[in-house]
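Asks: I have a structure here, written as structure tokens, and I will follow up with some questions on it.
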Amino acid sequence: MSDHNVVIDVQHLWRRFGDFVAVRDVSFQVKRGAIFGLLGPNGSGKSTIIRMLLGILPPSDGGAIVLGRDAYIESESIKPRVGYMSQHFSLYADLTVRENLEFYGRIYGLDSQRLEERKQAVLDLTGIHDYIDQLAGTLSGGWKQRLALACSLIHEPDLLFLDEPTAGIDPVARRHLWDLLFELSGRGVTLVVTTHYMDEAERCTDVGYLYLSRLLVLGKPDELKELPQITPEGTQRFELRVPHAAEHLSQLRQQDGVRDATLFGETLHVLIDDSLSSDMLRQHLGVTDQQIELRPITPSLEDVFVTLTANAEKEGANEVQAELTVDTAETKSEDEPVSATKKSPEQRKSGNPMLGLWAVLVKEFFHIRRQPITLFFMLVVPVMQTIIFGYAIDTEIENIPLVVFDLDGRQSSREMISSFLNTRKFRLLKEVYDEESFHRALTSGRARAGLRIPPNFSDRLLRGEQVEVQVLIDGSDSQVATTAQSTAQLLGLNLSMGRAKNFADTLQVAPSRDENGAIALPIEVRTRLLYNPDLDSAHFFVPGLVGIILQLVTLFLTSFAIVRERELGTLEQLFVTPVGRMGLLLGKLIPYAMIGFVELLIVLSVMIYAFGVPVNGSIGLLLALSMLFMVCSLGLGLFVSTVATTQLEAVQFAFIIMLPSVLLSGFMFPRSEMPLPIYLITFAIPVTYFIEILRGIVLRAADFQDLVPSVIGLTLCGLAVISGSVMRFQKRL
Ligand SMILES: Nc1ncnc2c1ncn2[C@@H]1O[C@H](COP(=O)(O)OP(=O)(O)OP(=O)(O)O)[C@@H](O)[C@H]1O
């Protein structure tokens with residue numbers, strides 16, 4: 001750029017969102033030390049232009065040179081010299097004024113001495129000393145704006161963007177803020193301000209007026225008021241003072257010769273043809289000479305914008321822009337937008353990726369300290385979950401309620417009932433004495449199994465005849481039913497074999513005998529249980545639970561930590577700083593990784609001491625591989641934060657990830673039993689590998705060599721998740 005005085009040079013800037021054009025072929029320049037006001041109705045594209053100038057939103061076409069560099073491609077090298085105060089309060093409400101200032105100072109890389117100096121300077125400028133230790137969220141609107149201004153000035157920028165800085169604050173606070181802006185402008189800082197207030201527009205050195213995504217007019221306030229379109233030849237502007245002015249407005253607008261009429265407090269601003277005399281006007285309004293006062297005026301900026309908007313609506317904005325744009329380079333037809341920059345957005349240069357890591361890290365710990373609920377969620381809830389789930393998920397089925405209908409009632413039938421109860425798989429719910437009660441106990445669900453011993457049970461046994469004992473089983477719960485069925489059948493077999501053995505003892509021949517010559521079964525199958533000999537289900541479930549809980553907590557907290565910033569607007573505020581992408585990400589992830597590690601130690605302790613599940617293998621290996629899993633899980637949280645825009649969406653996405661982790665990882669159901677397509681999917685679930693690792697080390701004392709396939713699987717998942725998320729996480733909107 002040849003002119004060193006030009007700080008911003010916007011050339012044919014376009015921005016589309018799908019089919020919608022938010023910024024259409026906008027060109028303008030801003031000179032050093034100017035206060036450039038960007039005005040326009042809601043949705044006209046002001047914030048979108050500012051975001052493109054800040055380099056956080058890529059232009060669809062055209063471009064801008066800011067401080068001598070391409071606003072998007074070289075944004076990282078411009079950011080240290082630019083400040084931004086966004087439309088909404090987007091500082092950290094749970095940090096104090098001091099902590100907010102220090103955070104932004106560190107983000108901009110100020111060393112401690114310079115930070116102290118700058119902090120003092122912006123505190124002096126904004127007068128916010130008295131609130132230094134107050135939480136930002138508890139400041140009143142005006143003081144919040146001052147704090148936002150102080151933060152945006154902490155690094156002494158040359159160029160400051162202020163998006164509606166005075167929205168929602170009282171007139172005195174507005175005036176104070178403008179006094180500060182004048183002071184900054186006096187020091188040579190260039191200001192770009194968006195506003196809806198006309199009195200603020202009047203204070204700008206230059207203004208641009210946007211309407212329906214186009215820049216309708218551009219120039220100094222006084223120049224704009226002189227535009228021929230505002231007061232066309234043969235017309236004049238008057239201030240009309242008349243009783244009940246508001247009531248006359250619509251009447252006036254219908255009057256021939258009245259081009260425009262707008263209410264200004266208790267007066268009306270009218271643009272009338274010279275041919276319309278004041279007498280005619282008085283007659284038309286039906287007021288006396290004394291009641292009407294007509295004073296010629298020069299148009300206000302509001303008159304200018306109202307007139308231009310009306311013209312644009314009438315004529316179509318195209319021509320109006322061509323006629324009125326002062327000061328800008330020649331415009332091109334909208335059919336052929338021109339790229340001002342020759343470079344493509346893909347050539348975007350990145351800054352130091354680790355910049356700001358320390359600042360973000362410190363800030364994150366402040367958040368955690370101010371929100372103890374986060375610590376509760378990370379440290380206490382997992383312990384509660386482990387205990388509750390560990391006890392609740394007990395797959396050993398015992399004490400199945402049994403109803404007994406004993407029609408025999410003698411010694412043998414009593415022994416039969418005792419054998420059922422001695423297995424401990426059944427507990428006696430009650431004995432009944434009629435058919436109806438027997439069936440009612442089962443249909444009501446109180447009994448899950450019913451034993452019915454026939455009246456001739458003892459007699460038939462004595463006579464050596466076969467006897468049928470009926471066991472009715474409620475099949476609603478398949479696991480309970482299967483246990484009841486196999487126990488009953490095994491019991492029948494054992495009792496029968498006992499009787500058969502007694503009988504066989506009296507015979508000379510027998511199917512087989514043991515080494516002592518006693519009758520024995522021909523084939524004896526001996527099983528031995530390894531690793532969990534008592535078949536305690538806690539030993540199986542609790543290690544898996546450690547993996548599930550670790551994923552649950554890290555996934556939710558990470559995704560929330562980032563999405564919350566997006567929702568609050570603080571992420572946008574961070575994007576305009578030179579903070580590096582990795583600095584930002586690591587700064588946000590490391591605190592949660594550290595807390596996750598503490599959580600892991602606590603949950604493992606609960607597993608060992610509360611559930612008596614010892615770690616048979618190497619604890620060191622377990623912790624090392626847990627860290628690998630945590631990286632993966634934090635990466636998943638990061639991934640959720642790149643797809644979700646609100647915290648509600650983050651919850652929903654996190655659940656979508658958690659569901660297969662719980663159901664398909666082998667935590668609850670054996671993966672080998674799953675249909676092939678589902679089985680293949682389980683390989684893409686990181687917690688699958690971690691559960692195998694946990695169970696391997698905890699139960700089977702597996703060493704690294706045994707776990708190589710799971711470690712490879714987990715590493716691949718981790719790499720895929722982290723690289724995918726980091727690539728998706730861009731420092732732009
Ligand atoms: N990310 C986006 N996706 C889709 N549309 C968007 C996006 N950002 C902005 N827009 C649309 O672009 C238009 C211009 O928005 P912008 O925020 O720039 O307006 P504005 O002039 O700043 O309005 P206001 O005065 O209300 O702040 C709006 O219609 C808005 O809905």
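Scheme for the structure tokens: letters A, B, ... for chains in order shown; per-chain residue numbers from 1; ligand numbers from 1 in order shown.
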Which residues come within 8 Å of stretch 301-306 of chain A, counting only C-alpha atoms, excluding same-chain residues fewer than 3 positions away, as a PDB file with C-alpha atoms, in the first residue's frame?

Replies:
ATOM      1  CA  MET A 198     -27.166   9.146  15.564  1.00  0.00           C
ATOM      2  CA  ALA A 201     -22.511   8.906  14.355  1.00  0.00           C
ATOM      3  CA  GLU A 202     -22.237  12.717  14.420  1.00  0.00           C
ATOM      4  CA  TYR A 209     -24.052   3.626   6.008  1.00  0.00           C
ATOM      5  CA  PRO A 221     -21.009  13.679   8.438  1.00  0.00           C
ATOM      6  CA  LEU A 224     -23.257  13.658   3.717  1.00  0.00           C
ATOM      7  CA  LYS A 225     -25.697  16.303   4.868  1.00  0.00           C
ATOM      8  CA  ILE A 230     -30.847  14.563   0.786  1.00  0.00           C
ATOM      9  CA  THR A 309     -33.012   4.229   2.949  1.00  0.00           C
ATOM     10  CA  ALA A 310     -36.289   5.437   1.470  1.00  0.00           C
TER      11      ALA A 310
END

Asks: Around ligand 1, which protein and nucleic acid residues have at least one atom no more than 7 Å from it, if we count only C-alpha atoms and all ligand atoms? List them as a VMD selection string.

Replies: chain A and resid 17 22 40 to 49

Asks: Excluding A:Ala624 and any residue of its chain fewer than 2 positions from it, enumerate the residues within 12 Å of it, using only C-alpha atoms, and give them as a compact mmCIF listing (two decimals) with C-alpha atoms, in the first residue's frame.

Replies:
# COMPACT_ATOMS: atom_id res chain seq x y z
CA PHE A 597 -5.66 -38.20 36.34
CA LEU A 600 -8.44 -42.00 37.84
CA SER A 618 1.69 -53.42 36.96
CA ILE A 619 0.11 -50.23 38.30
CA GLY A 620 2.70 -48.16 36.43
CA LEU A 621 1.66 -49.71 33.13
CA LEU A 622 -1.98 -49.19 34.01
CA SER A 626 -4.71 -44.65 31.20
CA MET A 627 -2.97 -41.43 30.18
CA LEU A 628 -3.03 -42.61 26.59
CA PHE A 629 -6.76 -43.23 26.89
CA MET A 630 -7.30 -39.85 28.52
CA VAL A 631 -5.65 -38.10 25.57
CA PHE A 690 -9.10 -49.37 27.33
CA ILE A 693 -6.34 -53.10 28.94
CA LEU A 694 -7.96 -52.48 32.34
CA ILE A 697 -3.85 -55.64 33.87
CA PHE A 704 2.70 -54.87 27.86
CA VAL A 711 -2.40 -50.45 22.77

Asks: Please return, as an MDAnalysis selection string, all residues of stretch 367-510 of chain A that DSSP assigns to helix (DSSP H, G or I) on the basis of the backbone.

Replies: chainID A and resid 367:370 372:392 411:422 435:443 457:463 478:505

Asks: Could you please determine the separation between atom CA of A:Thr231 and atom CA of A:Val26 in Å, to one decimal place?

Replies: 25.4 Å

Asks: Write out as a ChimeraX atom specification which residues come within 9 Å of stretch 78-91 of chain A when counting only C-alpha atoms, dropping same-chain ones fewer than 6 positions away.

Replies: /A:47,54-55,66-71,100,108,136-137,141,144-145,147-149,151-167,194,565,568-573,576-578

Asks: Suppose we keep C-alpha atoms; can you now write the selection as a tab-separated table (two decimals), in the first residue's frame?

Replies:
chain	number	residue	atom	x	y	z
A	47	SER	CA	-20.56	-7.13	12.49
A	54	LEU	CA	-10.38	-9.02	12.24
A	55	GLY	CA	-9.48	-12.11	10.21
A	66	VAL	CA	-5.47	-3.93	7.47
A	67	LEU	CA	-2.33	-2.23	8.80
A	68	GLY	CA	-0.66	-3.01	5.50
A	69	ARG	CA	-1.40	-6.76	5.50
A	70	ASP	CA	-4.08	-9.03	4.14
A	71	ALA	CA	-6.78	-9.15	6.81
A	100	ASN	CA	-9.44	-10.53	33.10
A	108	TYR	CA	-0.64	-10.74	24.09
A	136	ALA	CA	-16.58	-9.05	36.08
A	137	GLY	CA	-20.02	-10.66	35.92
A	141	GLY	CA	-23.41	-2.50	32.30
A	144	LYS	CA	-18.53	-3.91	32.07
A	145	GLN	CA	-18.08	-1.86	28.91
A	147	LEU	CA	-13.57	-3.27	31.49
A	148	ALA	CA	-14.07	-4.59	27.95
A	149	LEU	CA	-12.43	-1.44	26.62
A	151	CYS	CA	-8.99	-5.40	28.08
A	152	SER	CA	-9.04	-4.49	24.41
A	153	LEU	CA	-6.43	-1.78	25.07
A	154	ILE	CA	-4.11	-3.75	27.35
A	155	HIS	CA	-1.64	-4.40	24.53
A	156	GLU	CA	-1.74	-0.80	23.25
A	157	PRO	CA	-3.26	-1.50	19.84
A	158	ASP	CA	-2.95	0.85	16.88
A	159	LEU	CA	-6.40	-0.05	15.64
A	160	LEU	CA	-9.48	-0.70	17.73
A	161	PHE	CA	-12.77	-2.20	16.58
A	162	LEU	CA	-15.78	-1.48	18.75
A	163	ASP	CA	-19.00	-3.28	17.84
A	164	GLU	CA	-21.87	-1.31	19.39
A	165	PRO	CA	-19.81	-0.38	22.45
A	166	THR	CA	-22.54	1.71	24.06
A	167	ALA	CA	-25.52	-0.60	23.50
A	194	THR	CA	-20.59	0.45	14.88
A	565	GLU	CA	-16.78	-20.04	25.62
A	568	LEU	CA	-20.61	-16.68	25.77
A	569	GLY	CA	-18.76	-15.04	22.89
A	570	THR	CA	-15.42	-15.21	24.72
A	571	LEU	CA	-14.05	-17.61	22.11
A	572	GLU	CA	-14.61	-14.95	19.41
A	573	GLN	CA	-12.79	-12.51	21.67
A	576	VAL	CA	-8.92	-11.96	17.60
A	577	THR	CA	-5.90	-12.20	19.91
A	578	PRO	CA	-2.59	-13.69	18.77

Asks: Just want the 10 Å neighbourhood of A:Ser661, counted on only C-alpha atoms, with same-chain residues fewer than 3 positions away dropped. Output as a list in words.

Replies: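 Contacts, in chain order: Gly547, Ile548, Gln551, Leu552, Phe655, Ile656, Ile657, Met658, Leu664, Ser665, Gly666, Phe667, Met668, Thr682, Ala684, Ile685, Pro686, Val687 and Thr688 of chain A.
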
Asks: Just list the residues in stretch 395-523 of chain A DSSP gives strand (DSSP E) on the backbone, as a PyMOL selection string.

Replies: chain A and resi 400-406+426-432+449-453+470-473

Asks: With only C-alpha atoms as the counted atoms, please give the residues lying no more than 8 Å from A:Arg452, apart from itself and same-chain residues fewer than 5 positions off, as a PyMOL selection string.

Replies: chain A and resi 404-407+469-471

Asks: Using N, CA and C atoms, can you write the selected residues to a file as a compact mmCIF listing (two decimals), in the first residue's frame?

Replies:
# COMPACT_ATOMS: atom_id res chain seq x y z
N VAL A 404 -43.70 -72.81 46.78
CA VAL A 404 -43.70 -74.29 46.85
C VAL A 404 -45.13 -74.77 47.12
N PHE A 405 -45.52 -75.73 46.30
CA PHE A 405 -46.84 -76.37 46.51
C PHE A 405 -46.55 -77.87 46.70
N ASP A 406 -46.47 -78.25 47.98
CA ASP A 406 -46.06 -79.62 48.31
C ASP A 406 -47.31 -80.45 48.60
N LEU A 407 -47.69 -81.31 47.61
CA LEU A 407 -48.90 -82.11 47.78
C LEU A 407 -48.60 -83.43 48.50
N VAL A 469 -41.46 -84.08 38.99
CA VAL A 469 -41.61 -82.88 39.83
C VAL A 469 -41.67 -81.69 38.88
N GLN A 470 -42.68 -80.85 39.09
CA GLN A 470 -42.85 -79.74 38.14
C GLN A 470 -42.19 -78.47 38.67
N VAL A 471 -41.37 -77.84 37.85
CA VAL A 471 -40.80 -76.53 38.22
C VAL A 471 -41.25 -75.53 37.15

Asks: Near stretch 478-485 of chain A, within 8 Å and counting only C-alpha atoms, which residues show up once chain neighbours fewer than 3 positions away are dropped, as JSON, numbers by chain?

Replies: {"A": [397, 400, 425, 426, 448, 449, 473, 474, 475, 488, 489]}

Asks: Keeping only C-alpha atoms, write the selected residues as a PDB file, in the first residue's frame.

Replies:
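After the write, result.pdb holds the following:
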ATOM      1  CA  ILE A 397     -28.229 -64.436  40.338  1.00  0.00           C
ATOM      2  CA  ILE A 400     -34.806 -66.351  43.162  1.00  0.00           C
ATOM      3  CA  LYS A 425     -30.091 -69.825  44.009  1.00  0.00           C
ATOM      4  CA  PHE A 426     -33.645 -70.014  45.391  1.00  0.00           C
ATOM      5  CA  ARG A 448     -40.129 -66.186  39.779  1.00  0.00           C
ATOM      6  CA  ALA A 449     -40.231 -69.983  40.088  1.00  0.00           C
ATOM      7  CA  ILE A 473     -40.264 -70.683  35.742  1.00  0.00           C
ATOM      8  CA  ASP A 474     -41.171 -67.085  34.908  1.00  0.00           C
ATOM      9  CA  GLY A 475     -39.317 -66.427  31.644  1.00  0.00           C
ATOM     10  CA  ALA A 488     -33.362 -77.037  38.758  1.00  0.00           C
ATOM     11  CA  GLN A 489     -32.137 -79.419  36.068  1.00  0.00           C
TER      12      GLN A 489
END

Asks: For A:Met607, which residue among A:Pro670, A:Pro660, A:Pro454, A:Pro382 is the nearest when counting only C-alpha atoms?

Replies: A:Pro382

Asks: Name the closest residue to A:Leu110 among the candidates A:Ala34, A:Val6, A:Ala359, A:Ser213; distances are taken between atoms, counting only C-alpha atoms.

Replies: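 Nearest to A:Leu110: A:Ala359.
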
Asks: Between A:Gly257, A:Pro58, A:Pro372, A:Pro455, which is the closest to A:Thr235 once you count only C-alpha atoms?

Replies: A:Gly257
